[in-house]
$ cat query-v8.cif   # mmCIF, C-alpha atoms
data_model
#
loop_
_atom_site.label_atom_id
_atom_site.label_comp_id
_atom_site.auth_asym_id
_atom_site.auth_seq_id
_atom_site.Cartn_x
_atom_site.Cartn_y
_atom_site.Cartn_z
CA MET A 23 1.35 27.74 -1.72
CA SER A 24 4.97 27.01 -0.85
CA ALA A 25 7.46 26.10 -3.57
CA ARG A 26 8.00 22.78 -1.76
CA SER A 27 5.75 20.49 0.25
CA ILE A 28 6.40 17.43 2.40
CA ILE A 29 4.47 14.44 1.09
CA ILE A 30 3.55 11.55 3.40
CA ASP A 31 1.99 8.42 1.94
CA HIS A 32 1.32 6.17 4.93
CA GLY A 33 0.41 2.64 3.86
CA SER A 34 -0.25 -0.49 5.86
CA ALA A 35 3.29 -1.85 5.32
CA PHE A 36 5.47 1.09 4.37
CA LEU A 37 5.52 4.86 4.70
CA LYS A 38 6.86 6.89 1.78
CA ALA A 39 7.89 10.47 2.46
CA GLY A 40 9.87 13.26 0.84
CA LEU A 41 9.80 16.66 -0.79
CA SER A 42 7.58 17.36 -3.78
CA GLY A 43 9.31 17.74 -7.12
CA TRP A 44 11.43 14.60 -6.78
CA ASN A 45 10.98 11.51 -8.97
CA GLU A 46 10.63 9.23 -5.97
CA PRO A 47 10.27 9.52 -2.18
CA GLN A 48 13.52 10.19 -0.36
CA LEU A 49 12.50 8.12 2.65
CA VAL A 50 10.83 4.72 2.66
CA LEU A 51 10.50 2.97 6.01
CA PRO A 52 8.39 0.14 7.40
CA SER A 53 5.16 1.29 9.02
CA VAL A 54 6.12 -0.42 12.26
CA VAL A 55 6.43 0.71 15.86
CA ASN A 56 7.48 -1.19 18.95
CA TYR A 57 6.79 -0.68 22.62
CA ILE A 58 9.70 -1.24 24.98
CA PRO A 59 9.05 -1.61 28.70
CA CYS A 60 10.36 1.43 30.54
CA GLN A 61 10.16 0.78 34.26
CA GLU A 62 11.66 4.14 35.28
CA ASN A 63 8.53 5.95 34.08
CA PRO A 64 6.10 6.34 36.98
CA GLY A 65 2.35 6.30 36.62
CA PRO A 66 -0.19 3.85 35.13
CA SER A 67 0.83 0.81 33.08
CA TYR A 68 0.48 2.55 29.69
CA ALA A 69 3.10 5.11 30.79
CA ARG A 70 5.65 2.47 31.71
CA ARG A 71 6.71 1.88 28.12
CA ARG A 72 8.55 3.69 25.36
CA VAL A 73 7.45 3.79 21.72
CA SER A 74 10.09 3.67 18.99
CA LEU A 75 10.32 2.99 15.26
CA GLY A 76 10.88 -0.36 13.61
CA ILE A 77 11.58 -3.75 15.15
CA ASP A 78 13.70 -4.16 18.27
CA ILE A 79 15.74 -7.28 17.47
CA CYS A 80 16.14 -7.95 21.18
CA ARG A 81 12.35 -7.87 21.68
CA PRO A 82 10.82 -8.84 18.33
CA ASP A 83 7.47 -9.65 19.93
CA THR A 84 6.87 -5.97 20.81
CA PHE A 85 6.34 -4.57 17.31
CA SER A 86 3.01 -3.81 15.64
CA TYR A 87 1.54 -2.10 12.58
CA PRO A 88 -0.35 1.12 13.43
CA VAL A 89 -2.17 1.08 10.07
CA GLN A 90 -4.02 -2.07 9.03
CA ARG A 91 -6.27 -2.58 6.00
CA GLY A 92 -6.07 1.14 5.30
CA ARG A 93 -7.41 2.04 8.76
CA VAL A 94 -5.45 3.63 11.60
CA ILE A 95 -5.72 1.42 14.68
CA ASN A 96 -2.94 3.04 16.73
CA TRP A 97 -2.84 6.84 16.58
CA GLU A 98 0.02 7.03 19.07
CA GLY A 99 2.18 4.98 16.71
CA VAL A 100 1.14 7.06 13.68
CA GLU A 101 1.93 10.29 15.53
CA HIS A 102 5.37 8.96 16.46
CA ILE A 103 6.19 8.08 12.84
CA TRP A 104 4.93 11.42 11.46
CA SER A 105 6.90 13.29 14.12
CA PHE A 106 10.07 11.48 13.06
CA ILE A 107 9.45 12.37 9.40
CA LEU A 108 8.91 16.06 10.10
CA GLN A 109 11.90 16.28 12.43
CA ARG A 110 14.10 14.85 9.68
CA HIS A 111 12.94 17.47 7.18
CA ARG A 112 13.14 20.34 9.66
CA LEU A 113 16.87 19.71 10.05
CA GLU A 114 17.39 21.09 6.55
CA HIS A 115 14.23 23.03 5.70
CA GLU A 116 11.86 25.53 7.26
CA ASP A 117 8.35 24.46 8.23
CA LEU A 118 6.73 23.32 5.00
CA PRO A 119 3.14 22.48 4.02
CA VAL A 120 2.27 18.79 4.26
CA ILE A 121 0.29 16.55 1.92
CA ILE A 122 -1.03 13.41 3.56
CA THR A 123 -2.58 10.77 1.35
CA GLU A 124 -5.58 8.99 2.78
CA SER A 125 -7.39 5.73 2.24
CA PRO A 126 -10.97 5.73 0.90
CA LEU A 127 -11.93 3.85 4.07
CA ARG A 128 -10.91 6.77 6.27
CA GLU A 129 -13.76 7.95 8.51
CA PRO A 130 -14.51 11.66 9.16
CA ALA A 131 -13.26 11.22 12.72
CA ASP A 132 -9.96 9.94 11.33
CA ARG A 133 -9.62 13.00 9.11
CA GLN A 134 -10.24 15.19 12.14
CA LYS A 135 -7.60 13.30 14.13
CA THR A 136 -5.10 13.69 11.30
CA LEU A 137 -5.62 17.46 11.25
CA GLU A 138 -5.39 17.63 15.04
CA ILE A 139 -2.02 15.87 15.06
CA MET A 140 -0.62 17.94 12.21
CA PHE A 141 -1.72 21.36 13.45
CA GLU A 142 -1.85 21.06 17.24
CA LEU A 143 0.96 18.61 17.97
CA LEU A 144 3.33 18.97 15.02
CA GLY A 145 2.66 22.62 14.17
CA VAL A 146 2.61 22.44 10.37
CA PRO A 147 1.51 25.60 8.52
CA SER A 148 -0.99 23.95 6.12
CA VAL A 149 -2.28 20.51 5.17
CA LEU A 150 -3.82 18.88 2.11
CA LEU A 151 -5.58 15.51 2.49
CA ALA A 152 -5.33 13.69 -0.84
CA ASP A 153 -7.21 10.58 -2.00
CA GLN A 154 -4.73 7.79 -2.72
CA ARG A 155 -6.52 6.49 -5.82
CA GLU A 156 -6.75 9.94 -7.34
CA MET A 157 -3.04 10.50 -6.77
CA SER A 158 -2.24 7.23 -8.53
CA LEU A 159 -4.16 8.40 -11.58
CA TYR A 160 -2.24 11.68 -11.73
CA ALA A 161 1.06 9.82 -11.46
CA SER A 162 0.24 8.09 -14.75
CA GLY A 163 -0.33 11.43 -16.47
CA LEU A 164 -3.99 10.61 -17.12
CA LEU A 165 -7.28 12.20 -16.11
CA THR A 166 -9.47 9.32 -17.27
CA GLY A 167 -8.90 5.66 -16.49
CA VAL A 168 -9.40 2.81 -14.05
CA VAL A 169 -6.98 2.79 -11.11
CA VAL A 170 -6.20 -0.74 -9.89
CA ASP A 171 -4.31 -0.27 -6.63
CA SER A 172 -3.13 -3.32 -4.70
CA GLY A 173 -0.93 -2.85 -1.67
CA CYS A 174 -0.29 -4.61 1.62
CA GLY A 175 -3.70 -4.10 3.23
CA LEU A 176 -6.21 -3.39 0.49
CA THR A 177 -6.92 -3.93 -3.19
CA ARG A 178 -9.01 -1.13 -4.71
CA VAL A 179 -10.50 -0.37 -8.09
CA GLN A 180 -11.72 3.14 -8.95
CA PRO A 181 -12.68 4.55 -12.38
CA PHE A 182 -12.20 8.26 -13.13
CA HIS A 183 -13.41 10.53 -15.91
CA LEU A 184 -11.67 13.87 -16.42
CA GLY A 185 -10.28 13.67 -12.90
CA ARG A 186 -13.62 12.98 -11.24
CA PRO A 187 -14.27 9.65 -9.53
CA LEU A 188 -17.11 7.54 -10.93
CA TRP A 189 -18.48 6.26 -7.63
CA PRO A 190 -20.75 3.48 -8.98
CA GLY A 191 -17.61 1.70 -10.15
CA ALA A 192 -15.69 1.86 -6.85
CA LYS A 193 -14.57 -1.54 -5.54
CA THR A 194 -12.60 -2.46 -2.42
CA LEU A 195 -11.34 -6.02 -1.95
CA GLU A 196 -10.05 -6.90 1.49
CA PHE A 197 -7.40 -9.27 0.32
CA ALA A 198 -3.99 -7.97 -0.56
CA GLY A 199 -0.29 -8.40 0.14
CA GLN A 200 -0.70 -9.33 3.80
CA ASP A 201 -2.96 -12.23 2.84
CA LEU A 202 -0.33 -13.49 0.42
CA SER A 203 2.26 -13.20 3.21
CA ALA A 204 -0.03 -15.08 5.60
CA TYR A 205 -0.39 -17.90 3.08
CA LEU A 206 3.39 -18.21 2.72
CA PHE A 207 3.92 -18.10 6.50
CA LYS A 208 1.53 -21.00 7.05
CA SER A 209 2.70 -22.90 3.98
CA LEU A 210 6.41 -22.63 4.71
CA PHE A 211 6.41 -23.01 8.49
CA LYS A 212 3.18 -24.94 9.17
CA GLU A 213 2.26 -25.05 12.88
CA ALA A 214 5.52 -23.36 13.86
CA TYR A 215 4.78 -20.14 12.02
CA ASN A 216 5.16 -16.95 14.03
CA ARG A 217 4.78 -13.54 12.37
CA HIS A 218 7.04 -11.97 15.00
CA ASN A 219 9.89 -14.37 14.25
CA LEU A 220 12.57 -12.36 12.42
CA PHE A 221 13.93 -15.42 10.60
CA GLN A 222 10.47 -16.29 9.27
CA LEU A 223 9.76 -12.66 8.37
CA ASP A 224 12.93 -12.50 6.29
CA THR A 225 12.21 -15.83 4.61
CA VAL A 226 8.69 -14.84 3.58
CA ALA A 227 9.78 -11.40 2.36
CA SER A 228 12.61 -12.87 0.29
CA THR A 229 10.34 -15.53 -1.20
CA GLN A 230 7.81 -12.92 -2.25
CA MET A 231 10.46 -10.64 -3.72
CA TYR A 232 12.60 -13.14 -5.61
CA LYS A 233 10.58 -16.30 -6.24
CA CYS A 234 6.88 -15.50 -6.68
CA TYR A 235 5.19 -14.72 -9.99
CA VAL A 236 1.83 -14.76 -11.74
CA PRO A 237 1.33 -17.45 -14.42
CA LEU A 238 -0.55 -16.84 -17.66
CA ASN A 239 -2.64 -19.94 -16.93
CA LEU A 240 -2.70 -21.62 -13.53
CA GLY A 241 -3.72 -25.07 -14.77
CA GLU A 242 -1.04 -25.21 -17.47
CA GLU A 243 1.62 -23.96 -15.09
CA LEU A 244 0.77 -26.63 -12.48
CA GLU A 245 0.93 -29.33 -15.18
CA PHE A 246 4.35 -28.02 -16.17
CA TYR A 247 5.62 -28.29 -12.58
CA GLN A 248 4.21 -31.81 -12.24
CA SER A 249 6.06 -32.88 -15.39
CA LEU A 250 9.43 -31.78 -14.01
CA PRO A 251 11.74 -34.30 -12.33
CA HIS A 252 12.47 -33.64 -8.70
CA SER A 253 14.93 -30.73 -8.26
CA ALA A 254 15.10 -30.20 -12.04
CA ASP A 255 14.22 -26.53 -11.80
CA ARG A 256 16.90 -24.75 -9.79
CA SER A 257 14.74 -21.64 -9.50
CA ASN A 258 12.45 -23.68 -7.21
CA SER A 259 15.23 -24.21 -4.71
CA TYR A 260 15.78 -21.59 -2.08
CA GLN A 261 18.32 -21.13 0.68
CA LEU A 262 16.91 -20.00 4.00
CA PRO A 263 18.72 -17.22 5.89
CA ASP A 264 20.38 -19.84 8.10
CA GLY A 265 21.77 -21.63 5.02
CA THR A 266 19.25 -24.50 4.98
CA PRO A 267 18.22 -25.40 1.40
CA VAL A 268 14.52 -25.95 0.73
CA GLU A 269 12.52 -26.58 -2.40
CA LEU A 270 9.46 -24.42 -2.88
CA THR A 271 6.22 -26.01 -4.02
CA ALA A 272 4.49 -24.83 -7.17
CA MET A 273 1.74 -23.06 -5.21
CA GLN A 274 4.26 -21.26 -3.03
CA ARG A 275 5.88 -19.76 -6.11
CA LEU A 276 2.48 -19.08 -7.66
CA ALA A 277 1.06 -17.45 -4.52
CA PRO A 278 0.20 -14.17 -6.37
CA GLU A 279 -2.40 -16.21 -8.25
CA MET A 280 -4.45 -15.26 -5.19
CA PHE A 281 -5.44 -12.03 -6.94
CA PHE A 282 -6.75 -13.91 -9.95
CA SER A 283 -8.21 -17.05 -8.34
CA PRO A 284 -9.00 -16.15 -4.70
CA GLN A 285 -11.22 -19.22 -4.26
CA VAL A 286 -8.17 -21.47 -4.69
CA PHE A 287 -6.81 -19.88 -1.50
CA ASN A 288 -10.16 -20.00 0.35
CA LEU A 289 -10.67 -16.25 0.06
CA GLN A 290 -14.03 -14.58 -0.45
CA GLY A 291 -14.98 -12.09 -3.12
CA PRO A 292 -14.38 -11.65 -6.82
CA SER A 293 -10.98 -11.87 -8.44
CA LEU A 294 -9.16 -8.65 -9.24
CA PRO A 295 -9.85 -8.84 -13.02
CA GLN A 296 -13.51 -9.56 -12.28
CA ALA A 297 -13.64 -6.49 -10.02
CA VAL A 298 -12.12 -4.38 -12.82
CA VAL A 299 -14.70 -5.66 -15.30
CA GLU A 300 -17.56 -5.02 -12.86
CA SER A 301 -16.19 -1.56 -12.15
CA ILE A 302 -16.14 -0.62 -15.84
CA GLU A 303 -19.58 -2.09 -16.48
CA ALA A 304 -21.04 -0.07 -13.59
CA CYS A 305 -20.19 3.12 -15.49
CA GLU A 306 -22.07 4.77 -18.36
CA PRO A 307 -21.88 2.68 -21.57
CA SER A 308 -20.43 5.62 -23.49
CA LEU A 309 -17.44 5.73 -21.10
CA ARG A 310 -16.62 2.02 -21.07
CA PRO A 311 -14.38 1.93 -24.17
CA LEU A 312 -12.34 4.85 -22.85
CA LEU A 313 -11.98 3.27 -19.41
CA THR A 314 -11.05 -0.12 -20.86
CA SER A 315 -8.24 1.47 -22.83
CA HIS A 316 -6.82 3.21 -19.76
CA VAL A 317 -6.31 0.64 -16.98
CA VAL A 318 -3.72 1.88 -14.47
CA PRO A 319 -2.24 -0.77 -12.11
CA CYS A 320 -0.28 0.49 -9.11
CA GLY A 321 0.89 -0.71 -5.72
CA GLY A 322 3.52 -3.24 -4.73
CA ASN A 323 1.56 -6.36 -5.70
CA THR A 324 1.39 -5.27 -9.33
CA LEU A 325 5.20 -5.63 -9.52
CA TYR A 326 5.03 -9.44 -9.50
CA PRO A 327 6.30 -10.77 -12.83
CA GLY A 328 3.33 -11.62 -15.03
CA PHE A 329 0.81 -9.56 -13.03
CA THR A 330 0.08 -6.82 -15.57
CA THR A 331 0.20 -9.26 -18.50
CA ARG A 332 -2.41 -11.51 -16.90
CA LEU A 333 -4.57 -8.52 -15.95
CA TYR A 334 -4.46 -7.21 -19.54
CA GLN A 335 -5.23 -10.68 -20.92
CA LEU A 336 -8.38 -11.13 -18.83
CA VAL A 337 -9.72 -7.59 -19.26
CA ALA A 338 -9.08 -7.65 -23.00
CA SER A 339 -10.79 -11.02 -23.40
CA HIS A 340 -13.95 -9.70 -21.73
CA PHE A 341 -14.12 -6.45 -23.68
CA SER A 342 -13.15 -8.09 -26.97
CA SER A 343 -14.74 -5.35 -29.11
CA THR A 344 -12.66 -2.63 -27.42
CA ARG A 345 -8.93 -2.19 -27.46
CA ALA A 346 -7.73 -2.65 -23.90
CA SER A 347 -4.55 -0.99 -22.64
CA VAL A 348 -2.69 -1.28 -19.35
CA PHE A 349 -0.46 1.63 -18.29
CA ALA A 350 2.21 0.05 -16.06
CA GLY A 351 4.89 2.51 -14.96
CA SER A 352 8.18 1.23 -13.57
CA ASN A 353 7.69 3.20 -10.31
CA ARG A 354 4.08 2.16 -9.82
CA HIS A 355 4.76 1.04 -6.24
CA PHE A 356 5.30 4.77 -5.58
CA SER A 357 2.34 5.96 -7.68
CA VAL A 358 0.40 7.51 -4.80
CA TRP A 359 3.41 9.50 -3.62
CA LEU A 360 4.34 10.58 -7.16
CA GLY A 361 0.79 11.77 -7.87
CA ALA A 362 0.81 13.84 -4.70
CA SER A 363 4.12 15.35 -5.82
CA VAL A 364 2.35 16.50 -8.99
CA VAL A 365 -0.66 17.89 -7.10
CA ALA A 366 1.60 19.88 -4.76
CA HIS A 367 2.37 22.25 -7.64
CA LEU A 368 -1.12 22.52 -9.19
CA SER A 369 -2.87 25.85 -8.69
CA THR A 370 -6.22 24.08 -9.19
CA TYR A 371 -5.75 22.48 -5.77
CA LYS A 372 -5.04 25.73 -3.95
CA SER A 373 -8.56 25.88 -2.49
CA GLU A 374 -8.18 22.32 -1.11
CA TRP A 375 -5.41 23.27 1.29
CA LEU A 376 -6.30 23.97 4.92
CA THR A 377 -4.13 26.45 6.82
CA LYS A 378 -3.53 26.41 10.55
CA GLU A 379 -5.54 29.63 10.91
CA GLU A 380 -8.49 28.14 9.01
CA TYR A 381 -8.30 25.02 11.13
CA SER A 382 -8.40 27.08 14.33
CA GLU A 383 -11.44 29.03 13.13
CA ARG A 384 -13.29 25.99 11.84
CA PHE A 385 -12.58 23.33 14.44
CA ARG A 386 -11.48 25.06 17.63
CA MET A 387 -14.34 27.50 18.11
#
$ encode --input "query-v8.cif" --output "structure tokens"
Amino acid sequence: MSARSIIIDHGSAFLKAGLSGWNEPQLVLPSVVNYIPCQENPGPSYARRRVSLGIDICRPDTFSYPVQRGRVINWEGVEHIWSFILQRHRLEHEDLPVIITESPLREPADRQKTLEIMFELLGVPSVLLADQREMSLYASGLLTGVVVDSGCGLTRVQPFHLGRPLWPGAKTLEFAGQDLSAYLFKSLFKEAYNRHNLFQLDTVASTQMYKCYVPLNLGEELEFYQSLPHSADRSNSYQLPDGTPVELTAMQRLAPEMFFSPQVFNLQGPSLPQAVVESIEACEPSLRPLLTSHVVPCGGNTLYPGFTTRLYQLVASHFSSTRASVFAGSNRHFSVWLGASVVAHLSTYKSEWLTKEEYSERFRM
């Protein structure tokens, strides 16, 4: 194994990349590509365009997300982003091994495509495909616990014992950050909402980052808002990017309640705490106290104020005879990347790496 590895954690909203051994990724960029018409290119229609990173402010309607709900839907876009990452690192370093984290929803054909891009197109010397939930566990310094990972596209619950996944307890909920964003888009802009409008994108992102939180009790919090005189709470007021003042409704500020009361937002499936409880109860009874005392939240949604407190409250109230504990690190939105940084230096994972020579023997014959 090399002393350093390049780690790529490609999520639905953001890609985190950097060299192993650091305390955080050195590069975080939106997982967004855009296609610009390029009339000088001859050939069929798909050739008469140029792919580039990010959003073109002159053509905001041309951007798209190549990864959605943990699944790659645009391999050309993914390849373009990975190529950019490796080119950046090759300016200062020799060719290094690459760790790519992968979603539990990844199909075998997707794994094959990942290896094909890395070895045949990008020419990396070796690759390790790492499970995102497992990496989150290692980032916490634990080998046993329940990983509760909620990002832009997916919310996942996975219990582990001594580093091994307990598959009966695996849960995947297909509501996550993008559903919260969609609610705010429709709530703030009504019929005029447009997810390619840069003004609206900035408004929704700022609202989520600075105004939203999780209440300890939804009913009590709504009663509190109803008891306030109009404009009494300055934290409810918000200035749009164009300077227009607006007052947010209670439910707009409490949008992260979606993870705890999805039915209020017309979403299907159990709440996140219910999924955690069901995950623990699907495991052997002898392991349940240990799992309950090692709940590991990670992912960007868990950063909302009040999120981990509410999660602890509901899990602890269900398992009242067991002491519940929630391990919430300050960098938990980077947990997957940080766990992969740990794994890059573990000799126990040496056999999991695939070299370019092994790939050629195994897949190209």
$ resolve_selection --input "query-v8.cif" --expression "the PyMOL selection byres ((chain A and resi 196-200) around 9)" --output "PyMOL selection string"
chain A and resi 35+91+172-178+194-195+201-205+278+280-281+284+289-291+322-323
$ resolve_selection --input "query-v8.cif" --expression "the PyMOL selection byres ((chain A and resi 76) around 12)" --output "MDAnalysis selection string"
chainID A and resid 35:37 51:58 73:75 77:88 99 102:103 106
$ closest_residue --input "query-v8.cif" --among "A:His340, A:Met231, A:Ser373, A:His183" --to "Ser308 (chain A)" --atoms "only C-alpha atoms"
A:His183
$ atom_distance --input "query-v8.cif" --atom1 "CA of Lys212 (chain A)" --atom2 "CA of Tyr232 (chain A)"
21.1 Å
$ residues_near_point --input "query-v8.cif" --point "(-5.8, 24.7, 5.6)" --cutoff "10 Å" --atoms "all atoms listed in the file" --output "list in words"
Pro119, Leu137, Phe141, Val146, Pro147, Ser148, Val149, Leu150, Leu151, Lys372, Ser373, Glu374, Trp375, Leu376, Thr377, Lys378, Glu379, Glu380, Tyr381, Ser382 and Arg384 of chain A
$ resolve_selection --input "query-v8.cif" --expression "the PyMOL selection byres ((chain A and resi 348) around 9)" --output "PDB file with C-alpha atoms, in the coordinates of the input"
ATOM      1  CA  THR A 314     -11.050  -0.120 -20.860  1.00  0.00           C
ATOM      2  CA  SER A 315      -8.240   1.470 -22.830  1.00  0.00           C
ATOM      3  CA  HIS A 316      -6.820   3.210 -19.760  1.00  0.00           C
ATOM      4  CA  VAL A 317      -6.310   0.640 -16.980  1.00  0.00           C
ATOM      5  CA  VAL A 318      -3.720   1.880 -14.470  1.00  0.00           C
ATOM      6  CA  PRO A 319      -2.240  -0.770 -12.110  1.00  0.00           C
ATOM      7  CA  THR A 330       0.080  -6.820 -15.570  1.00  0.00           C
ATOM      8  CA  THR A 331       0.200  -9.260 -18.500  1.00  0.00           C
ATOM      9  CA  LEU A 333      -4.570  -8.520 -15.950  1.00  0.00           C
ATOM     10  CA  TYR A 334      -4.460  -7.210 -19.540  1.00  0.00           C
ATOM     11  CA  ALA A 346      -7.730  -2.650 -23.900  1.00  0.00           C
ATOM     12  CA  SER A 347      -4.550  -0.990 -22.640  1.00  0.00           C
ATOM     13  CA  PHE A 349      -0.460   1.630 -18.290  1.00  0.00           C
ATOM     14  CA  ALA A 350       2.210   0.050 -16.060  1.00  0.00           C
TER      15      ALA A 350
END
$ residues_around --input "query-v8.cif" --residues "Ile30 (chain A)" --least-positions-apart "4" --cutoff "8 Å" --atoms "all atoms listed in the file" --output "list in words"
Leu37, Lys38, Ala39, Gly40, Val120, Ile121, Ile122, Thr123 and Trp359 of chain A
$ closest_residue --input "query-v8.cif" --among "A:Phe207, A:Lys135, A:Val298, A:Ser357" --to "Leu220 (chain A)" --atoms "only C-alpha atoms"
A:Phe207
$ closest_residue --input "query-v8.cif" --among "A:Gly163, A:Gln180, A:Glu98, A:Arg112" --to "Ile139 (chain A)" --atoms "only C-alpha atoms"
A:Glu98
$ residues_around --input "query-v8.cif" --residues "Leu210 (chain A)" --least-positions-apart "5" --cutoff "9 Å" --atoms "all atoms listed in the file" --output "list in words"
Tyr205, Tyr215, Gln222, Thr225, Val226, Leu270 and Gln274 of chain A
$ closest_residue --input "query-v8.cif" --among "A:Ala272, A:Cys320, A:Ala297, A:Ala362" --to "Gln248 (chain A)" --atoms "only C-alpha atoms"
A:Ala272
$ axis_aligned_box --input "query-v8.cif" --around "region 318-326 of chain A" --padding-each-side "8 Å" --output "AutoDock Vina command-line options"
--center_x 0.7 --center_y -3.8 --center_z -9.6 --size_x 24.9 --size_y 27.3 --size_z 25.7
$ residues_near_point --input "query-v8.cif" --point "(-21.2, -2.0, -10.1)" --cutoff "10 Å" --atoms "only C-alpha atoms" --output "ChimeraX atom specification"
/A:189-193,297-305
$ atom_distance --input "query-v8.cif" --atom1 "CA of Val268 (chain A)" --atom2 "CA of Asn239 (chain A)"
25.3 Å
$ closest_residue --input "query-v8.cif" --among "A:Glu213, A:Asp171, A:Glu242, A:Asp132" --to "Val358 (chain A)" --atoms "all atoms listed in the file"
A:Asp171
$ atom_distance --input "query-v8.cif" --atom1 "CA of Leu206 (chain A)" --atom2 "CA of Asn258 (chain A)"
14.5 Å
$ residues_around --input "query-v8.cif" --residues "Val364 (chain A)" --least-positions-apart "3" --cutoff "9 Å" --atoms "only C-alpha atoms" --output "list in words"
Ser42, Gly43, Met157, Tyr160, Ala161, Trp359, Leu360, Gly361, His367 and Leu368 of chain A
$ decode --input "query-v8.cif" --residues "region 166-172 of chain A" --atoms "all heavy atoms" --output "compact mmCIF listing (two decimals), in the first residue's frame"
# COMPACT_ATOMS: atom_id res chain seq x y z
N THR A 166 -18.58 -1.26 17.01
CA THR A 166 -19.96 -1.70 17.24
C THR A 166 -20.84 -0.48 17.45
O THR A 166 -20.49 0.44 18.20
CB THR A 166 -20.04 -2.61 18.48
OG1 THR A 166 -19.27 -3.80 18.25
CG2 THR A 166 -21.47 -3.02 18.77
N GLY A 167 -21.97 -0.46 16.77
CA GLY A 167 -22.90 0.65 16.91
C GLY A 167 -23.90 0.68 15.78
O GLY A 167 -23.88 -0.17 14.87
N VAL A 168 -24.79 1.64 15.84
CA VAL A 168 -25.82 1.82 14.80
C VAL A 168 -25.52 3.12 14.06
O VAL A 168 -25.59 4.21 14.64
CB VAL A 168 -27.23 1.89 15.40
CG1 VAL A 168 -28.28 2.01 14.29
CG2 VAL A 168 -27.51 0.66 16.26
N VAL A 169 -25.16 3.00 12.80
CA VAL A 169 -24.89 4.18 11.97
C VAL A 169 -26.21 4.73 11.44
O VAL A 169 -27.00 3.99 10.84
CB VAL A 169 -23.94 3.83 10.81
CG1 VAL A 169 -23.81 5.01 9.85
CG2 VAL A 169 -22.57 3.42 11.34
N VAL A 170 -26.45 6.01 11.67
CA VAL A 170 -27.65 6.69 11.19
C VAL A 170 -27.16 7.79 10.25
O VAL A 170 -26.75 8.86 10.67
CB VAL A 170 -28.46 7.29 12.36
CG1 VAL A 170 -29.74 7.94 11.84
CG2 VAL A 170 -28.78 6.23 13.40
N ASP A 171 -27.18 7.51 8.97
CA ASP A 171 -26.59 8.38 7.96
C ASP A 171 -27.69 9.03 7.14
O ASP A 171 -28.46 8.34 6.46
CB ASP A 171 -25.66 7.55 7.06
CG ASP A 171 -24.94 8.42 6.02
OD1 ASP A 171 -25.12 9.64 6.05
OD2 ASP A 171 -24.22 7.85 5.19
N SER A 172 -27.78 10.35 7.20
CA SER A 172 -28.81 11.07 6.45
C SER A 172 -28.16 12.19 5.65
O SER A 172 -27.68 13.17 6.22
CB SER A 172 -29.87 11.64 7.39
OG SER A 172 -30.92 12.23 6.65
